[in-house]
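So this one's input.cif, mmCIF, C-alpha atoms:
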data_upload
loop_
_atom_site.label_atom_id
_atom_site.label_comp_id
_atom_site.auth_asym_id
_atom_site.auth_seq_id
_atom_site.Cartn_x
_atom_site.Cartn_y
_atom_site.Cartn_z
CA MET A 1 24.92 -21.37 -37.46
CA ILE A 2 21.44 -22.21 -38.67
CA LYS A 3 19.49 -24.76 -36.64
CA ILE A 4 17.17 -27.18 -38.40
CA SER A 5 14.79 -29.91 -37.24
CA LYS A 6 15.79 -33.55 -36.87
CA ARG A 7 13.66 -34.33 -39.93
CA LEU A 8 15.42 -31.78 -42.13
CA GLU A 9 18.85 -32.76 -40.81
CA THR A 10 18.11 -36.39 -41.67
CA VAL A 11 17.03 -35.37 -45.17
CA ALA A 12 20.14 -33.22 -45.65
CA SER A 13 22.46 -35.94 -44.35
CA LEU A 14 21.76 -38.10 -47.42
CA VAL A 15 23.02 -35.48 -49.89
CA SER A 16 26.39 -36.58 -51.26
CA SER A 17 29.21 -34.17 -50.50
CA GLY A 18 30.39 -32.06 -53.42
CA ASN A 19 27.12 -32.28 -55.34
CA ARG A 20 25.29 -29.31 -56.80
CA LEU A 21 21.88 -29.27 -55.15
CA ALA A 22 18.39 -28.48 -56.40
CA ASP A 23 15.92 -28.15 -53.52
CA VAL A 24 12.35 -28.40 -54.82
CA GLY A 25 9.77 -26.78 -52.56
CA THR A 26 12.53 -25.15 -50.54
CA ASP A 27 10.21 -23.07 -48.33
CA HIS A 28 12.70 -21.29 -46.00
CA ALA A 29 15.82 -22.66 -47.78
CA TYR A 30 16.93 -24.23 -44.51
CA ILE A 31 18.48 -27.33 -46.10
CA PRO A 32 20.63 -25.51 -48.72
CA ILE A 33 21.85 -23.06 -46.08
CA TRP A 34 22.65 -25.84 -43.60
CA LEU A 35 24.55 -27.83 -46.24
CA ALA A 36 26.45 -24.73 -47.36
CA GLU A 37 27.44 -24.02 -43.75
CA GLN A 38 28.69 -27.59 -43.43
CA GLY A 39 30.78 -27.18 -46.58
CA ARG A 40 28.93 -30.09 -48.13
CA ILE A 41 27.74 -28.44 -51.37
CA PRO A 42 29.42 -26.02 -53.81
CA SER A 43 26.11 -24.48 -54.89
CA ALA A 44 22.35 -24.82 -54.71
CA ILE A 45 19.22 -23.82 -56.58
CA ALA A 46 16.38 -23.32 -54.09
CA MET A 47 13.00 -23.46 -55.82
CA ASP A 48 9.40 -22.97 -54.78
CA ILE A 49 6.10 -22.66 -56.59
CA ASN A 50 4.94 -19.70 -54.50
CA GLU A 51 6.48 -16.24 -54.18
CA GLY A 52 5.78 -16.04 -50.42
CA PRO A 53 7.99 -18.97 -49.40
CA LEU A 54 10.59 -17.90 -51.94
CA GLN A 55 10.74 -14.46 -50.35
CA ARG A 56 11.32 -16.04 -46.94
CA ALA A 57 14.03 -18.19 -48.47
CA ARG A 58 15.65 -15.09 -50.00
CA GLN A 59 15.67 -13.35 -46.63
CA ASN A 60 17.36 -16.34 -45.01
CA VAL A 61 19.94 -16.69 -47.76
CA GLU A 62 20.84 -13.02 -47.36
CA LYS A 63 20.81 -13.25 -43.56
CA TYR A 64 23.37 -16.06 -43.56
CA GLY A 65 25.42 -14.58 -46.40
CA TYR A 66 25.01 -17.20 -49.14
CA GLU A 67 23.74 -15.02 -51.99
CA GLY A 68 26.66 -16.08 -54.18
CA GLN A 69 26.18 -19.77 -53.49
CA ILE A 70 22.41 -20.28 -53.37
CA VAL A 71 20.23 -19.17 -56.28
CA LEU A 72 16.49 -18.63 -55.70
CA ARG A 73 14.10 -19.62 -58.46
CA LEU A 74 10.30 -19.54 -58.82
CA SER A 75 9.34 -22.92 -60.25
CA ASP A 76 6.45 -25.36 -60.43
CA GLY A 77 8.25 -28.56 -59.50
CA LEU A 78 11.20 -29.10 -61.82
CA ASP A 79 9.90 -26.84 -64.60
CA GLU A 80 12.62 -24.20 -64.23
CA LEU A 81 15.52 -26.60 -63.67
CA GLU A 82 17.55 -27.50 -66.74
CA PRO A 83 18.60 -31.14 -67.28
CA GLY A 84 22.10 -31.63 -65.86
CA GLU A 85 21.97 -28.41 -63.83
CA ALA A 86 22.00 -30.28 -60.48
CA ASP A 87 23.69 -33.44 -59.26
CA THR A 88 21.22 -33.95 -56.40
CA ILE A 89 17.51 -33.25 -56.63
CA LEU A 90 15.90 -33.02 -53.21
CA ILE A 91 12.15 -33.03 -52.61
CA ALA A 92 10.90 -33.17 -49.03
CA GLY A 93 7.76 -32.61 -47.02
CA MET A 94 5.18 -33.24 -49.77
CA GLY A 95 2.61 -35.97 -50.23
CA GLY A 96 3.76 -39.00 -52.16
CA PRO A 97 1.32 -38.51 -55.08
CA LEU A 98 2.47 -34.90 -55.59
CA MET A 99 6.11 -35.95 -55.59
CA MET A 100 5.36 -38.67 -58.14
CA ARG A 101 3.67 -36.08 -60.39
CA ILE A 102 6.68 -33.76 -60.09
CA LEU A 103 9.12 -36.54 -61.00
CA THR A 104 6.94 -37.75 -63.88
CA ARG A 105 6.45 -34.26 -65.31
CA GLY A 106 10.17 -33.48 -64.91
CA ARG A 107 11.30 -36.93 -66.02
CA GLU A 108 14.05 -35.70 -68.37
CA THR A 109 15.53 -33.44 -65.71
CA SER A 110 15.22 -35.87 -62.80
CA ARG A 111 16.91 -38.67 -64.74
CA MET A 112 19.93 -36.46 -65.44
CA ALA A 113 20.66 -36.07 -61.72
CA ARG A 114 23.10 -38.39 -59.96
CA GLU A 115 20.74 -38.93 -57.06
CA LEU A 116 17.30 -38.13 -55.71
CA ILE A 117 16.72 -37.41 -52.02
CA LEU A 118 13.01 -37.84 -51.32
CA GLN A 119 10.92 -37.52 -48.18
CA PRO A 120 7.31 -38.34 -49.06
CA GLN A 121 4.76 -37.64 -46.36
CA SER A 122 2.28 -40.26 -47.52
CA GLU A 123 1.78 -43.45 -49.57
CA LEU A 124 5.31 -44.79 -49.14
CA THR A 125 4.37 -48.26 -50.39
CA ARG A 126 3.09 -46.88 -53.67
CA PHE A 127 6.03 -44.46 -53.84
CA ARG A 128 8.63 -47.24 -53.60
CA HIS A 129 6.79 -49.17 -56.33
CA PHE A 130 6.80 -46.00 -58.43
CA LEU A 131 10.56 -45.62 -58.13
CA HIS A 132 11.21 -49.19 -59.24
CA GLU A 133 8.69 -48.99 -62.06
CA ASN A 134 10.44 -45.86 -63.34
CA GLY A 135 13.95 -47.28 -63.38
CA TYR A 136 15.28 -46.16 -60.00
CA ARG A 137 17.15 -48.18 -57.40
CA ILE A 138 16.71 -47.34 -53.73
CA GLN A 139 20.23 -46.93 -52.37
CA GLN A 140 19.49 -45.96 -48.79
CA GLU A 141 16.68 -45.08 -46.42
CA LYS A 142 16.60 -43.38 -43.05
CA MET A 143 13.76 -43.11 -40.56
CA VAL A 144 13.59 -40.47 -37.86
CA LEU A 145 11.24 -39.64 -35.01
CA ASP A 146 10.78 -35.87 -34.80
CA GLU A 147 8.29 -34.23 -32.42
CA GLY A 148 6.23 -37.39 -32.11
CA LYS A 149 6.03 -38.21 -35.82
CA TYR A 150 7.96 -40.75 -37.88
CA TYR A 151 9.47 -39.68 -41.20
CA THR A 152 11.17 -41.75 -43.88
CA VAL A 153 13.81 -40.41 -46.27
CA ILE A 154 14.76 -42.24 -49.47
CA LYS A 155 17.95 -41.92 -51.52
CA ALA A 156 17.55 -43.21 -55.08
CA ALA A 157 19.53 -43.32 -58.31
CA LEU A 158 19.02 -44.76 -61.77
CA GLY A 159 19.20 -48.54 -61.83
CA GLU A 160 17.04 -51.64 -62.13
CA GLU A 161 15.69 -53.16 -58.93
CA THR A 162 12.65 -54.98 -57.60
CA TYR A 163 11.79 -56.36 -54.17
CA ASP A 164 10.72 -59.96 -53.67
CA HIS A 165 8.34 -59.24 -50.79
CA GLU A 166 5.54 -56.74 -50.35
CA TRP A 167 6.69 -55.94 -46.80
CA ALA A 168 9.87 -54.51 -48.35
CA TYR A 169 7.75 -52.00 -50.27
CA ARG A 170 5.54 -51.25 -47.28
CA PHE A 171 8.28 -50.68 -44.73
CA GLY A 172 11.52 -50.24 -46.65
CA LYS A 173 13.95 -53.06 -47.37
CA CYS A 174 16.94 -50.83 -46.61
CA LEU A 175 15.53 -49.86 -43.21
CA VAL A 176 15.03 -53.52 -42.31
CA GLU A 177 18.49 -54.54 -43.53
CA GLU A 178 20.16 -51.70 -41.64
CA ARG A 179 18.14 -52.59 -38.51
CA SER A 180 16.77 -49.08 -38.12
CA GLY A 181 15.80 -48.48 -34.50
CA PRO A 182 12.94 -46.08 -35.30
CA LEU A 183 11.54 -48.59 -37.80
CA ARG A 184 11.42 -51.38 -35.21
CA ASP A 185 9.69 -49.12 -32.70
CA TRP A 186 7.16 -48.04 -35.32
CA LEU A 187 6.48 -51.62 -36.47
CA LEU A 188 5.83 -52.75 -32.90
CA ARG A 189 3.40 -49.86 -32.43
CA GLU A 190 1.65 -50.72 -35.69
CA ARG A 191 1.39 -54.38 -34.73
CA GLU A 192 -0.19 -53.49 -31.40
CA LYS A 193 -2.58 -50.99 -32.97
CA TYR A 194 -3.75 -53.24 -35.79
CA GLY A 195 -3.91 -56.26 -33.50
CA ARG A 196 -6.57 -54.41 -31.53
CA ILE A 197 -8.37 -53.47 -34.75
CA GLN A 198 -8.31 -57.13 -35.84
CA ASP A 199 -9.90 -58.19 -32.54
CA GLN A 200 -12.62 -55.54 -32.89
CA LEU A 201 -13.43 -56.52 -36.48
CA THR A 202 -13.52 -60.21 -35.56
CA GLU A 203 -16.13 -59.48 -32.92
CA LYS A 204 -18.31 -57.63 -35.44
CA GLY A 205 -18.53 -60.68 -37.72
CA ARG A 206 -19.18 -61.08 -41.44
CA ASP A 207 -20.05 -57.45 -42.19
CA CYS A 208 -16.39 -56.55 -41.68
CA GLU A 209 -14.81 -59.51 -43.46
CA GLU A 210 -13.23 -57.50 -46.29
CA ARG A 211 -11.71 -54.97 -43.89
CA LEU A 212 -10.59 -57.80 -41.60
CA GLN A 213 -8.78 -59.51 -44.47
CA THR A 214 -6.92 -56.29 -45.28
CA VAL A 215 -5.83 -55.93 -41.66
CA ARG A 216 -4.67 -59.55 -41.56
CA TYR A 217 -2.50 -59.03 -44.65
CA TYR A 218 -1.02 -55.91 -43.07
CA LEU A 219 -0.23 -57.73 -39.84
CA LYS A 220 1.34 -60.56 -41.83
CA ASP A 221 3.65 -58.05 -43.56
CA ILE A 222 4.57 -56.52 -40.20
CA ASP A 223 5.48 -59.93 -38.78
CA GLU A 224 7.55 -60.80 -41.87
CA ALA A 225 9.39 -57.48 -41.70
CA LEU A 226 10.10 -57.94 -37.98
CA ALA A 227 11.34 -61.48 -38.60
CA ALA A 228 13.67 -60.24 -41.34
CA TYR A 229 14.83 -57.43 -39.03
CA GLU A 230 15.65 -59.80 -36.17
CA SER A 231 17.46 -62.23 -38.47
CA ARG A 232 20.00 -59.66 -39.64
#
As structure tokens, how would this structure be written, given the file I've shared?
Amino acid sequence: MIKISKRLETVASLVSSGNRLADVGTDHAYIPIWLAEQGRIPSAIAMDINEGPLQRARQNVEKYGYEGQIVLRLSDGLDELEPGEADTILIAGMGGPLMMRILTRGRETSRMARELILQPQSELTRFRHFLHENGYRIQQEKMVLDEGKYYTVIKAALGEETYDHEWAYRFGKCLVEERSGPLRDWLLREREKYGRIQDQLTEKGRDCEERLQTVRYYLKDIDEALAAYESR
């Protein structure tokens, strides 16, 4: 049995059973292999922009005996995936801006999938806004602590949705509503960290007023998210 990290297992856990998978930026093809071993997917297309990672993925697919179930494909983003060829499109471990470019460039293909499983490494606030602005509804989120780092995974599908509060975009409305333990721990750490920054900026005076205002808004969003969390 293949062993994968807590981050990758959390990403894979959001893939709906029975769906044909397209794994964009597959690297070692760990997620398709793990899902195939679990009997969760009938087939997968594992894609990467570079031949090196794709070769490693090919070696792993052959090692675990899934050549007939997992197809390897050299692709820049979604370029080599046909619309309707996958039920689930999974993109993990990339920066948020790169993932937004991939989804925008492959708009026709991504909108034909039943679901998107997305794990952006940066700019989550902007990324959640992007999903809503492009006609996606966030169905579920999970947060995991893996080797000292926090990761957020988003499951989205076509549908209209907006959030009423900016803290919901910053920290994830679904995570707050589901009372995610890792989210609460992370928010408390952020509040402590930025509370200290606020004190330091206050001491420095007017020269830091703009930065201080930004920190105050951030702390306000943290407190609102924590209040919503505790009220559930």
**OP:** Enumerate, as a list in words, the residues matched when the PyMOL selection byres ((chain A and resi 63) around 12) is run on the file above.
**Re:**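 On the file shown, the PyMOL selection byres ((chain A and resi 63) around 12) covers Met1, Ile2, His28, Ala29, Tyr30, Ile33, Arg56, Ala57, Arg58, Gln59, Asn60, Val61, Glu62, Tyr64, Gly65, Tyr66 and Glu67 of chain A.
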**OP:** Excluding stretch 153-169 of chain A and any residue of its chain fewer than 3 positions from it, enumerate the residues within 9 Å of it, using all atoms listed in the file, and give them as a VMD selection string.
**Re:** chain A and resid 7 10 to 11 14 to 15 92 111 113 to 120 124 to 129 131 to 144 172 to 176 218 220 to 222 224 to 225
Original post:
Could you work out how far atom CA of A:Lys193 lies from atom CA of A:Glu210, giving the answer in Å with one decimal?
Top reply: 18.3 Å
Subject >> Answer key for the PyMOL selection byres ((chain A and resi 47) around 10), residues as a PyMOL selection string >> reply: chain A and resi 22-27+29+44-46+48-51+53-54+57+71-81
Original post:
Could you state the separation of atom CA of A:Tyr150 and atom CA of A:Leu188 in Å, given to one decimal place?
Top reply: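 These two atoms are separated by 13.2 Å.
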Original post:
What is the atom CA of A:Arg40 to atom CA of A:Gly68 distance in Å?
Top reply: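 The value is 15.4 Å.
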**OP:** Determine the residue set returned by the PyMOL selection byres ((chain A and resi 179) around 10) for the present structure, and present it as a PyMOL selection string.
**Re:** chain A and resi 173-178+180-184+226+228-232
**OP:** Find, counting only C-alpha atoms, the residue in A:Leu187, A:Glu147, A:Asn19, A:Leu90 that gets nearest to A:Ala227.
**Re:**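 Once distances to A:Ala227 are computed over only C-alpha atoms, the minimum belongs to A:Leu187.
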**OP:** Rank nothing, just name the residue among A:Ser122, A:Pro83, A:Phe130, A:Ser16 nearest to A:Met100, using all atoms listed in the file.
**Re:**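 Closest candidate: A:Phe130.
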Padding of 6 Å on every side, edges along x, y and z, all listed atoms of stretch 148-164 of chain A included: what centre and edge lengths in Å, to one decimal, does that box have, as AutoDock Vina command-line options?
--center_x 12.8 --center_y -48.7 --center_z -47.1 --size_x 25.5 --size_y 34.6 --size_z 42.0
For A:Arg196, work out the shell of residues within 12 Å, counting all atoms listed in the file and skipping chain neighbours fewer than 5 positions away, then give it as a compact mmCIF listing (two decimals) with C-alpha atoms, in the frame of the given file.
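Writing the result to around-v3.txt gives the following:
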# COMPACT_ATOMS: atom_id res chain seq x y z
CA ARG A 189 3.40 -49.86 -32.43
CA GLU A 190 1.65 -50.72 -35.69
CA ARG A 191 1.39 -54.38 -34.73
CA LEU A 201 -13.43 -56.52 -36.48
CA THR A 202 -13.52 -60.21 -35.56
CA GLU A 203 -16.13 -59.48 -32.92
CA LEU A 212 -10.59 -57.80 -41.60
CA VAL A 215 -5.83 -55.93 -41.66
CA ARG A 216 -4.67 -59.55 -41.56
CA LEU A 219 -0.23 -57.73 -39.84
